[in-house]
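Structure first, then comments.
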Amino acid sequence: MINIKNMAVLLFSLLVPGLTIAQTEVLYNGIHLPEQWPPRYGEPQKAQDMPVPYLKQKPEVISVNVGRQLFVDSFLIAETNLERIIHTPRFYEGNPVLGPDKEWEKTTEGGLYAAPFSDGIWYDEKDQKFKMWYLAGAGVLHKGDNQTFYTGYAESKDGKHWTKPTLDIWDQTNIVDTCNRDAATIWLDKRERDPSKRYKMFNVERRPTDRRWQFVLKYSSDGIHWGEGVAQSGDLYDRSSVFYNPFRDVWALSMRYGTNVSSRSRSYLENKNPEEAISFAHRIRKGVPDKNIVYWFTPSDKEPRHPEFPEVDPGIYNFDAIAYESIMLGLYSVWQGPENGVCAKLGIQKKNEIFLGYSRDGFHFYRPSFKPFMAVNETDGAWNWGNMQSINGVPLVVGDSLYFYSSGRQKNEIMWDSYTSTGLATLRRDGFVSMHGDKGGYLLTENLSFDGKYLFVNADVKGSMFVEVLDADGNPLEGFTRKDCVPVKKTDKTKQLITWKKHQDIASLIGKPIRLKFYLDNADIYAFWISPWQTGESRGYTSGGGPGLSVSGIDVPANQ
């Protein structure tokens with residue numbers, strides 16, 4: 001007898017060039033990667049969405065042992081009549097939280113810069129501090145060009161009020177690296193066993209001999225005192241960055257790349273060793289395959305266009321990513337024009353806004369919305385009038401909230417592309433997408449496997465919510481039916497334990513594939529997870545960290 005699922009794999013492999021049937025790696029969530037990884041897709045001739053194979057060919061059983069399970073796509077859902085609602089964060093009224101206020105943050109022509117250009121904002125649980133690395137104008141040091149930059153450092157106790165400490169690195173300032181740079185990635189590697197490499201800087205530096213950009217990797221034990229470079233790339237285009245995928249233990253390079261669709265597309269490289277990843281990076285010659293670097297994606301045909309310049313085709317100015325709970329969160333800086341020459345002539349900022357995507361394999365990202373997650377504010381004096389850029393490390397987990405930071409540029413008369421500062425926006429924890437149900441609303445999951453004990457939800461229940469546990473065939477299990485469930489009523493919590501009249505947990509079901517059925521009456525559910533602990537830690541990844549969380553970067557009891 002022909003297995004229908006195997007037939008689906010065969011048909012899908014025929015429809016998606018570059019993918020093979022052989023499968024060599026099974027991910028934490030049950031997704032099978034193809035033998036050829038990373039996949040090699042042909043470059044398209046027109047703007048299009050990235051394919052997401054695991055949404056078309058789901059695992060027979062999805063493991064939910066790692067992290068809160070988010071409804072950002074259809075991966076977990078077998079059947080539902082709920083409405084998917086996409087949420088965006090609220091900008092902090094005190095923005096900007098960090099701005100250019102030092103003489104050493106100006107360019108030679110007086111341009112003001114004090115904001116991350118990817119760089120990083122993290123919470124260091126060991127030091128119990130919020131820490132920021134940012135691009136600053138370097139006109140007092142690098143005088144060869146009008147626009148030169150180096151790296152500044154700031155810290156905070158609450159993530160809202162930042163100070164620039166006087167350090168012993170350069171001329172009693174807060175500058176921690178003096179190299180002339182473009183973008184940078186500063187990664188607080190909470191899994192690193194060598195203390196001297198706990199902080200990693202992937203700096204896109206201008207090479208003095210020929211003025212080309214290249215990655216230089218440096219290490220630090222404290223994020224302030226950096227060693228000499230330990231690895232360098234070949235020539236690169238500007239605005240490239242790096243992220244770590246802990247689900248597969250690989251470092252990934254997100255590099256600017258030109259296609260027929262857009263000069264602002266992306267290429268991808270991964271390696272378990274960050275030094276090797278940097279050493280393998282370089283520009284690609286068209287028509288010659290590279291062993292380590294693959295074309296990644298172009299802008300989508302759904303990208304918004306600049307209302308004043310609708311003829312300009314949008315591009316992907318940058319792409320950063322980070323692990324959050326059970327997914328990889330992707331932050332797109334989407335460029336909508338106009339080109340630099342037009343901006344300079346008109347004295348305006350180019351329009352970059354930040355959008356979100358989500359991945360369960362670290363390569364294919366699904367974008368449920370093409371509305372900005374963090375949008376510009378084109379009013380006089382706004383800190384983010386234009387050219388907003390994503391930042392590494394975010395979100396940070398602060399209680400029941402997520403802290404997102406971005407850079408923005410204020411419209412000014414000094415230099416059209418200057419006056420950067422840093423802003424904060426807050427979102428409910430897990431609050432990217434909720435599934436909303438009125439009377440009679442329900443959601444049935446796919447088959448799940450688990451080894452935890454306690455079922456939790458993140459939900460805003462204005463009416464009521466019940467949870468039923470079913471077997472793999474869809475039959476309600478005795479003692480775990482809707483009638484057995486202790487209802488959740490008029491409760492708004494980011495961590496709510498679910499119990500039944502005769503069962504405080506679902507430990508008796510470990511080892512059996514189950515389905516969960518949520519019944520919602522005037523309620524929103526954001527996530528569910530099954531924890532080994534009654535305190536509800538998810539074993540997921542906590543992105544940039546946060547107060548009271550584990551130093552491991554994983555949501556486990558802080559004393560473990």
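Chain labels run A, B, ... following the order of the structure tokens; each chain numbers its residues from 1, and ligands are numbered from 1 in the order shown.
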
Extract the full set of strand (DSSP E) residues from stretch 236-386 of chain A according to DSSP on the backbone, and format it as an MDAnalysis selection string. chainID A and resid 241:245 250:257 265:271 293:297 315:325 327:335 352:359 386

Within 12 Å of A:Thr185, counting only C-alpha atoms, which residues qualify if same-chain residues fewer than 2 places away don't, as a PyMOL selection string? chain A and resi 116-122+132-135+151+181-183+187-189+199-205+215-219+223+239-244+251-254+319-322+390-393

Selection: 7 Å around stretch 82-87 of chain A, only C-alpha atoms, excl. self and same-chain fewer than 2 positions, as an MDAnalysis selection string: chainID A and resid 80 89 431:437 441:443

Could you save the residues just selected, with N, CA, C and O atoms, as a short mmCIF file (atom, residue, chain, number, x, y, z; two decimals), in the first residue's frame?
```
data_model
loop_
_atom_site.label_atom_id
_atom_site.label_comp_id
_atom_site.auth_asym_id
_atom_site.auth_seq_id
_atom_site.Cartn_x
_atom_site.Cartn_y
_atom_site.Cartn_z
N THR A 80 -9.63 24.73 12.86
CA THR A 80 -10.07 25.84 13.73
C THR A 80 -11.09 26.71 13.03
O THR A 80 -11.14 26.76 11.79
N PRO A 89 3.68 46.19 18.62
CA PRO A 89 4.03 46.76 19.92
C PRO A 89 3.66 48.23 20.03
O PRO A 89 3.38 48.90 19.03
N GLY A 431 3.14 37.89 22.40
CA GLY A 431 1.98 38.59 21.86
C GLY A 431 2.00 38.92 20.39
O GLY A 431 1.32 39.86 19.97
N PHE A 432 2.71 38.16 19.58
CA PHE A 432 2.77 38.43 18.14
C PHE A 432 1.44 38.17 17.45
O PHE A 432 0.96 38.97 16.65
N VAL A 433 0.85 37.03 17.76
CA VAL A 433 -0.39 36.60 17.11
C VAL A 433 -1.28 35.95 18.16
O VAL A 433 -0.80 35.15 18.98
N SER A 434 -2.56 36.27 18.14
CA SER A 434 -3.52 35.56 18.99
C SER A 434 -4.59 34.94 18.11
O SER A 434 -4.88 35.43 17.02
N MET A 435 -5.15 33.86 18.60
CA MET A 435 -6.30 33.22 17.95
C MET A 435 -7.52 33.59 18.77
O MET A 435 -7.62 33.26 19.95
N HIS A 436 -8.44 34.33 18.13
CA HIS A 436 -9.60 34.86 18.84
C HIS A 436 -10.85 34.06 18.53
O HIS A 436 -11.13 33.74 17.38
N GLY A 437 -11.60 33.76 19.58
CA GLY A 437 -12.85 33.05 19.41
C GLY A 437 -14.00 33.71 20.14
O GLY A 437 -13.85 34.13 21.29
N GLY A 441 -16.17 29.13 19.50
CA GLY A 441 -14.84 29.06 18.91
C GLY A 441 -14.06 27.85 19.38
O GLY A 441 -14.17 27.42 20.53
N TYR A 442 -13.27 27.27 18.48
CA TYR A 442 -12.45 26.12 18.86
C TYR A 442 -11.18 26.07 18.02
O TYR A 442 -11.10 26.64 16.92
N LEU A 443 -10.18 25.38 18.52
CA LEU A 443 -8.93 25.11 17.80
C LEU A 443 -8.47 23.72 18.18
O LEU A 443 -8.31 23.40 19.37
#
```

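Residue nearest A:Arg248 within the list A:Gly545, A:Pro532, A:Gly362, A:Pro34: A:Gly362 [criterion: smallest interatomic distance, only C-alpha atoms].
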
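Within 9 Å of stretch 168-179 of chain A there are Trp104, Trp133, Ala136, Ala138, Leu141, His142, Phe149, Tyr150, Thr151, Gly152, Tyr153, Ala154, Asn203, Glu205, Arg206, Gly223, Ile224, His225 and Trp226 of chain A, counting only C-alpha atoms and ignoring same-chain residues fewer than 6 positions away.
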
Using N, CA, C and O atoms, can you export the residues from the last selection as a PDB file, in the first residue's frame?
```pdb
ATOM      1  N   TRP A 104      31.942  63.132  20.635  1.00  0.00           N
ATOM      2  CA  TRP A 104      32.594  62.022  19.926  1.00  0.00           C
ATOM      3  C   TRP A 104      31.598  61.107  19.192  1.00  0.00           C
ATOM      4  O   TRP A 104      31.985  60.083  18.665  1.00  0.00           O
ATOM      5  N   TRP A 133      25.211  47.986  22.545  1.00  0.00           N
ATOM      6  CA  TRP A 133      26.319  48.379  21.706  1.00  0.00           C
ATOM      7  C   TRP A 133      25.728  49.101  20.502  1.00  0.00           C
ATOM      8  O   TRP A 133      24.712  48.657  19.949  1.00  0.00           O
ATOM      9  N   ALA A 136      28.262  54.834  16.420  1.00  0.00           N
ATOM     10  CA  ALA A 136      28.405  56.256  16.751  1.00  0.00           C
ATOM     11  C   ALA A 136      29.257  56.934  15.691  1.00  0.00           C
ATOM     12  O   ALA A 136      30.167  56.318  15.110  1.00  0.00           O
ATOM     13  N   ALA A 138      32.204  58.887  14.093  1.00  0.00           N
ATOM     14  CA  ALA A 138      33.615  58.804  14.492  1.00  0.00           C
ATOM     15  C   ALA A 138      34.453  59.920  13.881  1.00  0.00           C
ATOM     16  O   ALA A 138      35.638  59.737  13.586  1.00  0.00           O
ATOM     17  N   LEU A 141      37.928  60.840  15.204  1.00  0.00           N
ATOM     18  CA  LEU A 141      39.017  59.872  15.058  1.00  0.00           C
ATOM     19  C   LEU A 141      39.302  59.559  13.591  1.00  0.00           C
ATOM     20  O   LEU A 141      40.448  59.666  13.140  1.00  0.00           O
ATOM     21  N   HIS A 142      38.279  59.141  12.862  1.00  0.00           N
ATOM     22  CA  HIS A 142      38.445  58.786  11.449  1.00  0.00           C
ATOM     23  C   HIS A 142      37.998  59.973  10.595  1.00  0.00           C
ATOM     24  O   HIS A 142      36.798  60.197  10.418  1.00  0.00           O
ATOM     25  N   PHE A 149      32.411  55.703  11.310  1.00  0.00           N
ATOM     26  CA  PHE A 149      31.726  55.247  12.526  1.00  0.00           C
ATOM     27  C   PHE A 149      32.601  54.283  13.316  1.00  0.00           C
ATOM     28  O   PHE A 149      33.459  53.588  12.767  1.00  0.00           O
ATOM     29  N   TYR A 150      32.335  54.240  14.630  1.00  0.00           N
ATOM     30  CA  TYR A 150      32.916  53.226  15.494  1.00  0.00           C
ATOM     31  C   TYR A 150      31.853  52.775  16.486  1.00  0.00           C
ATOM     32  O   TYR A 150      30.663  53.103  16.313  1.00  0.00           O
ATOM     33  N   THR A 151      32.231  52.021  17.527  1.00  0.00           N
ATOM     34  CA  THR A 151      31.243  51.340  18.371  1.00  0.00           C
ATOM     35  C   THR A 151      31.219  51.893  19.790  1.00  0.00           C
ATOM     36  O   THR A 151      32.249  51.912  20.486  1.00  0.00           O
ATOM     37  N   GLY A 152      30.034  52.339  20.216  1.00  0.00           N
ATOM     38  CA  GLY A 152      29.838  52.817  21.576  1.00  0.00           C
ATOM     39  C   GLY A 152      29.111  51.789  22.433  1.00  0.00           C
ATOM     40  O   GLY A 152      28.544  50.808  21.921  1.00  0.00           O
ATOM     41  N   TYR A 153      29.125  52.036  23.734  1.00  0.00           N
ATOM     42  CA  TYR A 153      28.513  51.115  24.701  1.00  0.00           C
ATOM     43  C   TYR A 153      27.702  51.919  25.721  1.00  0.00           C
ATOM     44  O   TYR A 153      28.103  52.994  26.163  1.00  0.00           O
ATOM     45  N   ALA A 154      26.519  51.391  26.080  1.00  0.00           N
ATOM     46  CA  ALA A 154      25.678  52.001  27.113  1.00  0.00           C
ATOM     47  C   ALA A 154      25.075  50.893  27.965  1.00  0.00           C
ATOM     48  O   ALA A 154      25.026  49.718  27.549  1.00  0.00           O
ATOM     49  N   ASN A 203      32.195  42.327  13.206  1.00  0.00           N
ATOM     50  CA  ASN A 203      32.257  43.717  12.792  1.00  0.00           C
ATOM     51  C   ASN A 203      32.440  43.822  11.281  1.00  0.00           C
ATOM     52  O   ASN A 203      33.374  43.223  10.728  1.00  0.00           O
ATOM     53  N   GLU A 205      33.968  45.860   8.880  1.00  0.00           N
ATOM     54  CA  GLU A 205      34.957  46.928   8.915  1.00  0.00           C
ATOM     55  C   GLU A 205      35.414  47.299   7.504  1.00  0.00           C
ATOM     56  O   GLU A 205      35.446  46.454   6.606  1.00  0.00           O
ATOM     57  N   ARG A 206      35.782  48.568   7.344  1.00  0.00           N
ATOM     58  CA  ARG A 206      36.360  49.012   6.082  1.00  0.00           C
ATOM     59  C   ARG A 206      37.849  48.702   6.081  1.00  0.00           C
ATOM     60  O   ARG A 206      38.586  49.160   6.961  1.00  0.00           O
ATOM     61  N   GLY A 223      32.470  42.361  27.090  1.00  0.00           N
ATOM     62  CA  GLY A 223      31.783  43.192  26.115  1.00  0.00           C
ATOM     63  C   GLY A 223      32.355  44.590  26.006  1.00  0.00           C
ATOM     64  O   GLY A 223      31.865  45.399  25.224  1.00  0.00           O
ATOM     65  N   ILE A 224      33.393  44.877  26.760  1.00  0.00           N
ATOM     66  CA  ILE A 224      34.027  46.204  26.753  1.00  0.00           C
ATOM     67  C   ILE A 224      35.463  46.129  26.244  1.00  0.00           C
ATOM     68  O   ILE A 224      35.871  46.906  25.381  1.00  0.00           O
ATOM     69  N   HIS A 225      36.214  45.182  26.749  1.00  0.00           N
ATOM     70  CA  HIS A 225      37.604  45.007  26.332  1.00  0.00           C
ATOM     71  C   HIS A 225      37.650  43.880  25.287  1.00  0.00           C
ATOM     72  O   HIS A 225      37.447  42.717  25.617  1.00  0.00           O
ATOM     73  N   TRP A 226      37.915  44.271  24.045  1.00  0.00           N
ATOM     74  CA  TRP A 226      37.877  43.328  22.927  1.00  0.00           C
ATOM     75  C   TRP A 226      39.287  42.961  22.480  1.00  0.00           C
ATOM     76  O   TRP A 226      40.177  43.819  22.420  1.00  0.00           O
TER      77      TRP A 226
END
```

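The shortest atom-to-atom distance to A:Lys164, with only C-alpha atoms taken into account, belongs to A:Glu105 out of A:Glu105, A:Glu353, A:Asp430, A:Glu446.
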
In stretch 3-155 of chain A, what's alpha helix (DSSP H) per DSSP? Answer as a CSV table (one decimal) with C-alpha atoms, in the first residue's frame?
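Just written: result_13.csv:
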```
chain,number,residue,atom,x,y,z
A,4,ILE,CA,0.0,9.0,1.4
A,5,LYS,CA,2.5,11.1,3.4
A,6,ASN,CA,5.4,9.6,1.4
A,7,MET,CA,3.6,10.3,-1.8
A,8,ALA,CA,3.1,13.9,-0.7
A,9,VAL,CA,6.9,14.2,0.0
A,10,LEU,CA,7.6,12.9,-3.5
A,11,LEU,CA,5.2,15.3,-5.2
A,12,PHE,CA,6.5,18.2,-3.1
A,13,SER,CA,10.1,17.4,-4.1
A,14,LEU,CA,9.1,17.6,-7.8
A,15,LEU,CA,7.4,20.9,-7.3
A,53,PRO,CA,8.1,23.5,3.0
A,54,TYR,CA,7.2,22.4,6.6
A,55,LEU,CA,3.8,24.1,6.4
A,56,LYS,CA,2.9,22.0,3.4
```

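Nearest to A:Asp127 of all the residues A:Val394, A:Gly144, A:Asp222, A:Gly381 is A:Asp222, based on only C-alpha atoms.
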
Within 8 Å of stretch 370-375 of chain A, counting only C-alpha atoms, which residues qualify if same-chain residues fewer than 2 places away don't, as a ChimeraX atom specification? /A:88-89,302-304,353-356,367-368,377,388

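Residues lying within 6 Å of A:Gly408, counting only C-alpha atoms and ignoring same-chain neighbours fewer than 3 positions away, are Trp383, Asn384, Asn387, Met388, Thr420 and Ser421 of chain A.
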
Output file for the residues above (N, CA and C atoms, as a tab-separated table (two decimals), in the first residue's frame):
```tsv
chain	number	residue	atom	x	y	z
A	383	TRP	N	11.65	61.01	16.48
A	383	TRP	CA	12.95	60.34	16.51
A	383	TRP	C	13.07	59.29	15.41
A	384	ASN	N	11.94	58.78	14.93
A	384	ASN	CA	11.92	57.74	13.90
A	384	ASN	C	11.19	58.22	12.64
A	387	ASN	N	14.16	55.65	8.12
A	387	ASN	CA	15.31	54.74	8.18
A	387	ASN	C	15.43	54.01	9.50
A	388	MET	N	14.39	53.28	9.86
A	388	MET	CA	14.45	52.44	11.05
A	388	MET	C	15.20	51.14	10.74
A	420	THR	N	20.64	59.66	14.20
A	420	THR	CA	20.06	58.39	14.65
A	420	THR	C	19.95	58.38	16.16
A	421	SER	N	18.91	57.74	16.64
A	421	SER	CA	18.73	57.48	18.07
A	421	SER	C	18.02	56.14	18.23
```

Closest to A:Lys131 among A:Pro208, A:Pro165, A:Gly548, A:Gly315, using only C-alpha atoms? A:Pro165

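The closest residue to A:Ala344, picked from A:Met415, A:Ala231, A:Ala382, A:Val140 and counting only C-alpha atoms, is A:Met415.
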
Between atom CA of A:Val551 and atom CA of A:Lys190 lies a distance of 6.8 Å

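Relative to atom CA of A:Thr426, atom CA of A:Leu98 is found at 16.0 Å.
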
Nearby residues (only C-alpha atoms) at most 9 Å from A:Gln232, same-chain spacing under 3 positions excluded, as a tab-separated table (two decimals) with C-alpha atoms, in the first residue's frame:
```tsv
chain	number	residue	atom	x	y	z
A	214	GLN	CA	34.79	42.62	5.39
A	215	PHE	CA	33.71	40.77	8.53
A	216	VAL	CA	36.21	40.67	11.39
A	217	LEU	CA	35.40	38.42	14.38
A	229	GLY	CA	40.42	39.84	15.35
A	275	GLU	CA	35.49	31.50	12.99
A	278	ILE	CA	33.46	34.23	8.93
A	279	SER	CA	36.44	32.81	7.02
A	280	PHE	CA	34.16	31.28	4.36
A	281	ALA	CA	32.21	34.51	3.71
```

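Distance-wise, atom CA of A:Asp505 and atom CA of A:Gly479 end up 11.0 Å apart.
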